[in-house]
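Engineer: Below is the structure I would like to discuss, written out as structure tokens.
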Amino acid sequence: MKWLLAFLGLALCLLSRSTFSQTVIKTLPGFPGELPFYLEIGYVGVGELEDVQMFYYFIKSERSPKDDPLVLWITGGPGCSTLSAILYEIGPLTFNYENLSPSRPTLKVHEYSWTKVANIIFVDEPVGTGFSYANNWESYNWLTLHPEFLSNPLYIGGDSNGGFINPMVTLKVAEGNKAGLRPIMNLKGYLLGNPVTNLQSDKNSRVRFAYLKALISKELYESTDENCNGDFINVNESNDACIDDLKAVTMCLEKLDIANILEPNCLYSTPESTVDGTWDPSLVNRDPTLLPSPELPGIWCRVYNYMLSYTWANDRAVQEALHVRPGTIMKWVRCNESLSYKYNVREVIDYHKELLKRGYRALIYRLAGVVCRWPSCRIHHVIFFRRSLSYICNRQGRRTHSSRVQAQRMFRHD
């Protein structure tokens, strides 16, 4: 948890140092002309020696920067670069899929960016994520250097595994304000998309969710529930009936994308998975009779789009444009799965309760069709949230821009 507290202190200006590294970017390789929004990049230092350097992107609101909320965005994973959130989720740029060139990706404006209504700080955290690295450089105090945003309403945002970090960070800021730490931040609330909330119940909900979505039969669900006594995670190895049922459940789900049940299961691949820019169909775990899609030319997977970010972010011209410090990383990866995590917090419901008790606003949203990877996606967990927090989560989220509209409504009252 030390890195979390250090990251919070620096990224939200709880340290007193004032040396810094920041650059305003006006153009990016792959985007025609100047950027139609304000983009600033830089590094934040962590620790007494500032030997950990976290890379950040700051994008001003395209509506009214001096009035619109300031959002600190914590990307999930764990270990996923915040560039993924910028290019694939809520940022002002996305890849031009209509004129697709895997070897030379181009960018276009994202019509439904959250930066239409908010100023957002995206941080590559923890170290080893994105362009963040460990060494011994300078640190800086972001809000002290941007005093014009001190009075803006502040929200802490995030998704996926950020659901663990987000409420802890938000509560830490609230406690800092209460203790009179400077600068005082105008904290209003927090936002979470498809968040991890409780490691045990999140994973244990998958079987019931699969049944409620008709992915497994009623007979299989009832048999599994009875034979496993409702616990599908901590299974007794001698309970053959439970193990056999869980194997049957796995067979029913293994060809589906865990993040979108309407699409096939594919490996999370990088450019090395391609041959001459063409994706290898053998990478797809798919049964054509189960998921016929005649409208799609050949085999397609959502994760194929991630190849573009590997190609773009590892381009030397892109890294030079972003002022990435030479030699600090070997290779940019969208999600660094080699990071070692030790979970000393298993659930964050109490953090939500405390924040809501203190009167902070919360928006918890989800995208439709996600299979049990994140708790707010599951009916079981939505009910759990409502009972635990007396808070009703949005359960629709039909498209990407729906979450932006929800956020806009939340910000509108500020």
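Ordering of the structure tokens sets the chain letters (A, B, ...), residue numbers begin anew at 1 in every chain, and ligands are numbered from 1 in the order given.
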Neighbouring residues of segment 320-328 of chain A were defined as those with any atom within 7 Å, considering only C-alpha atoms; residues of the same chain fewer than 3 positions away were excluded. Please report them as a list in words.
Structural biologist: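 With the cut-off at 7 Å, the set is Leu28, Ile41, Tyr133, Arg316 and Ala317 of chain A.
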Engineer: For segment 155-168 of chain A, find every residue with an atom within 6 Å (counting only C-alpha atoms), except residues of its own chain fewer than 6 positions away, and show them as a list of chain:residue names.
Structural biologist: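 Those residues are A:Val71, A:Leu72, A:Trp73, A:Ile74, A:Thr75, A:Gly76, A:Gly77, A:Pro78, A:Lys188, A:Gly189, A:Tyr190, A:Leu191, A:Leu192, A:Gly193, A:Asn194, A:Pro195, A:Val196, A:Thr197, A:Tyr351.
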Engineer: Given the choices A:Tyr360, A:Phe209, A:Phe149, A:Trp142, which gets closest to Ala118 of chain A if the distance is worked out from only C-alpha atoms?
Structural biologist: A:Phe149
Engineer: My list of candidates is A:Ile243, A:Val24, A:Ser309, A:Gly359. Which is closest to Leu93 of chain A when distances are computed with only C-alpha atoms?
Structural biologist: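 Of A:Ile243, A:Val24, A:Ser309, A:Gly359, the one nearest Leu93 of chain A, counting only C-alpha atoms, is A:Ser309.
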Engineer: For atom CA of Leu83 of chain A and atom CA of Val345 of chain A, determine how far apart the two atoms are, in Å to one decimal place.
Structural biologist: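 These atoms are spaced 26.3 Å apart.
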Engineer: From the options A:Val123, A:Val235, A:Leu220, A:Ile90, which residue's atoms come nearest to Arg208 of chain A, counting only C-alpha atoms?
Structural biologist: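 Residue with the minimum atom-to-atom distance to Arg208 of chain A: A:Leu220.
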Engineer: Give the alpha helix (DSSP H) residues of segment 330-366 of chain A, as assigned by DSSP on the backbone, as a CSV table (one decimal) with C-alpha atoms, in the first residue's frame.
Structural biologist:
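Generated file (out36.csv):
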chain,number,residue,atom,x,y,z
A,349,ILE,CA,-17.5,-1.9,0.6
A,350,ASP,CA,-16.7,-0.1,3.9
A,351,TYR,CA,-14.9,2.6,2.0
A,352,HIS,CA,-18.0,3.2,-0.1
A,353,LYS,CA,-20.2,3.3,3.0
A,354,GLU,CA,-17.9,5.8,4.7
A,355,LEU,CA,-17.7,8.1,1.6
A,356,LEU,CA,-21.5,8.1,1.1
A,357,LYS,CA,-22.0,8.7,4.8
Engineer: Would you give me, as a PyMOL selection string, the residues in segment 23-271 of chain A that DSSP reads as strand (DSSP E or B)?
Structural biologist: chain A and resi 23-25+39-46+52-59+70-74+80+93-95+107-109+119-123+133-134+154-159+187-193+198+256-257+260-266
Engineer: List the spatial neighbours of Ser223 of chain A as a list in words - criterion: any atom at most 9 Å away, only C-alpha atoms, same-chain residues fewer than 3 positions off excluded.
Structural biologist: Lys218, Glu219, Leu220, Glu226, Asn227, Cys228, Ala241, Cys242 and Asp245 of chain A
Engineer: Do you know which residues are at most 12 Å from Thr27 of chain A counting only C-alpha atoms, after dropping those on the same chain fewer than 2 positions away, and could you put them as an NGL selection string?
Structural biologist: :A and (23-25 or 29-40 or 107 or 317-318 or 320-322)
Engineer: Next, dump the selected residues to file, keeping only N, CA and C atoms, as a PDB file, in the first residue's frame.
Structural biologist:
ATOM      1  N   THR A  23       5.346  19.166 -20.190  1.00  0.00           N
ATOM      2  CA  THR A  23       5.446  19.659 -21.561  1.00  0.00           C
ATOM      3  C   THR A  23       4.060  19.709 -22.173  1.00  0.00           C
ATOM      4  N   VAL A  24       3.756  20.764 -22.884  1.00  0.00           N
ATOM      5  CA  VAL A  24       2.495  20.871 -23.621  1.00  0.00           C
ATOM      6  C   VAL A  24       2.715  20.309 -25.023  1.00  0.00           C
ATOM      7  N   ILE A  25       1.848  19.371 -25.413  1.00  0.00           N
ATOM      8  CA  ILE A  25       1.957  18.703 -26.711  1.00  0.00           C
ATOM      9  C   ILE A  25       0.909  19.278 -27.664  1.00  0.00           C
ATOM     10  N   PRO A  29       2.084  12.048 -33.796  1.00  0.00           N
ATOM     11  CA  PRO A  29       2.164  11.232 -35.008  1.00  0.00           C
ATOM     12  C   PRO A  29       0.870  10.453 -35.223  1.00  0.00           C
ATOM     13  N   GLY A  30       0.375  10.483 -36.447  1.00  0.00           N
ATOM     14  CA  GLY A  30      -0.853   9.764 -36.775  1.00  0.00           C
ATOM     15  C   GLY A  30      -2.096  10.621 -36.749  1.00  0.00           C
ATOM     16  N   PHE A  31      -1.992  11.831 -36.146  1.00  0.00           N
ATOM     17  CA  PHE A  31      -3.150  12.732 -36.127  1.00  0.00           C
ATOM     18  C   PHE A  31      -2.874  13.902 -37.067  1.00  0.00           C
ATOM     19  N   PRO A  32      -3.803  14.183 -37.991  1.00  0.00           N
ATOM     20  CA  PRO A  32      -3.581  15.254 -38.961  1.00  0.00           C
ATOM     21  C   PRO A  32      -3.720  16.637 -38.324  1.00  0.00           C
ATOM     22  N   GLY A  33      -2.669  17.453 -38.424  1.00  0.00           N
ATOM     23  CA  GLY A  33      -2.743  18.814 -37.919  1.00  0.00           C
ATOM     24  C   GLY A  33      -2.534  18.895 -36.417  1.00  0.00           C
ATOM     25  N   GLU A  34      -2.853  20.081 -35.867  1.00  0.00           N
ATOM     26  CA  GLU A  34      -2.709  20.289 -34.439  1.00  0.00           C
ATOM     27  C   GLU A  34      -3.857  19.632 -33.669  1.00  0.00           C
ATOM     28  N   LEU A  35      -3.559  19.239 -32.447  1.00  0.00           N
ATOM     29  CA  LEU A  35      -4.584  18.645 -31.599  1.00  0.00           C
ATOM     30  C   LEU A  35      -5.641  19.697 -31.253  1.00  0.00           C
ATOM     31  N   PRO A  36      -6.924  19.349 -31.314  1.00  0.00           N
ATOM     32  CA  PRO A  36      -7.987  20.316 -31.025  1.00  0.00           C
ATOM     33  C   PRO A  36      -8.294  20.423 -29.534  1.00  0.00           C
ATOM     34  N   PHE A  37      -7.354  20.041 -28.690  1.00  0.00           N
ATOM     35  CA  PHE A  37      -7.532  20.120 -27.249  1.00  0.00           C
ATOM     36  C   PHE A  37      -6.159  20.319 -26.603  1.00  0.00           C
ATOM     37  N   TYR A  38      -6.166  20.709 -25.334  1.00  0.00           N
ATOM     38  CA  TYR A  38      -4.930  20.954 -24.600  1.00  0.00           C
ATOM     39  C   TYR A  38      -4.433  19.648 -24.005  1.00  0.00           C
ATOM     40  N   LEU A  39      -3.199  19.252 -24.352  1.00  0.00           N
ATOM     41  CA  LEU A  39      -2.589  18.037 -23.828  1.00  0.00           C
ATOM     42  C   LEU A  39      -1.244  18.380 -23.187  1.00  0.00           C
ATOM     43  N   GLU A  40      -1.115  18.015 -21.920  1.00  0.00           N
ATOM     44  CA  GLU A  40       0.131  18.209 -21.191  1.00  0.00           C
ATOM     45  C   GLU A  40       0.607  16.859 -20.684  1.00  0.00           C
ATOM     46  N   LEU A 107      -4.879   8.344 -36.044  1.00  0.00           N
ATOM     47  CA  LEU A 107      -5.789   8.736 -34.971  1.00  0.00           C
ATOM     48  C   LEU A 107      -6.877   9.662 -35.484  1.00  0.00           C
ATOM     49  N   ALA A 317       9.007   7.890 -32.946  1.00  0.00           N
ATOM     50  CA  ALA A 317       8.505   9.243 -33.186  1.00  0.00           C
ATOM     51  C   ALA A 317       7.424   9.614 -32.182  1.00  0.00           C
ATOM     52  N   VAL A 318       6.580   8.648 -31.806  1.00  0.00           N
ATOM     53  CA  VAL A 318       5.531   8.895 -30.817  1.00  0.00           C
ATOM     54  C   VAL A 318       6.148   9.164 -29.445  1.00  0.00           C
ATOM     55  N   GLU A 320       9.095  10.254 -28.801  1.00  0.00           N
ATOM     56  CA  GLU A 320       9.759  11.549 -28.824  1.00  0.00           C
ATOM     57  C   GLU A 320       8.742  12.679 -28.711  1.00  0.00           C
ATOM     58  N   ALA A 321       7.604  12.532 -29.376  1.00  0.00           N
ATOM     59  CA  ALA A 321       6.552  13.551 -29.308  1.00  0.00           C
ATOM     60  C   ALA A 321       5.993  13.676 -27.896  1.00  0.00           C
ATOM     61  N   LEU A 322       5.930  12.549 -27.176  1.00  0.00           N
ATOM     62  CA  LEU A 322       5.416  12.547 -25.810  1.00  0.00           C
ATOM     63  C   LEU A 322       6.512  12.859 -24.782  1.00  0.00           C
TER      64      LEU A 322
END
Engineer: Nearest residue to Arg182 of chain A out of A:Gly45, A:Asn198, A:Leu150, A:Arg302, using only C-alpha atoms?
Structural biologist: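 Ranking A:Gly45, A:Asn198, A:Leu150, A:Arg302 by distance to Arg182 of chain A, first place goes to A:Leu150.
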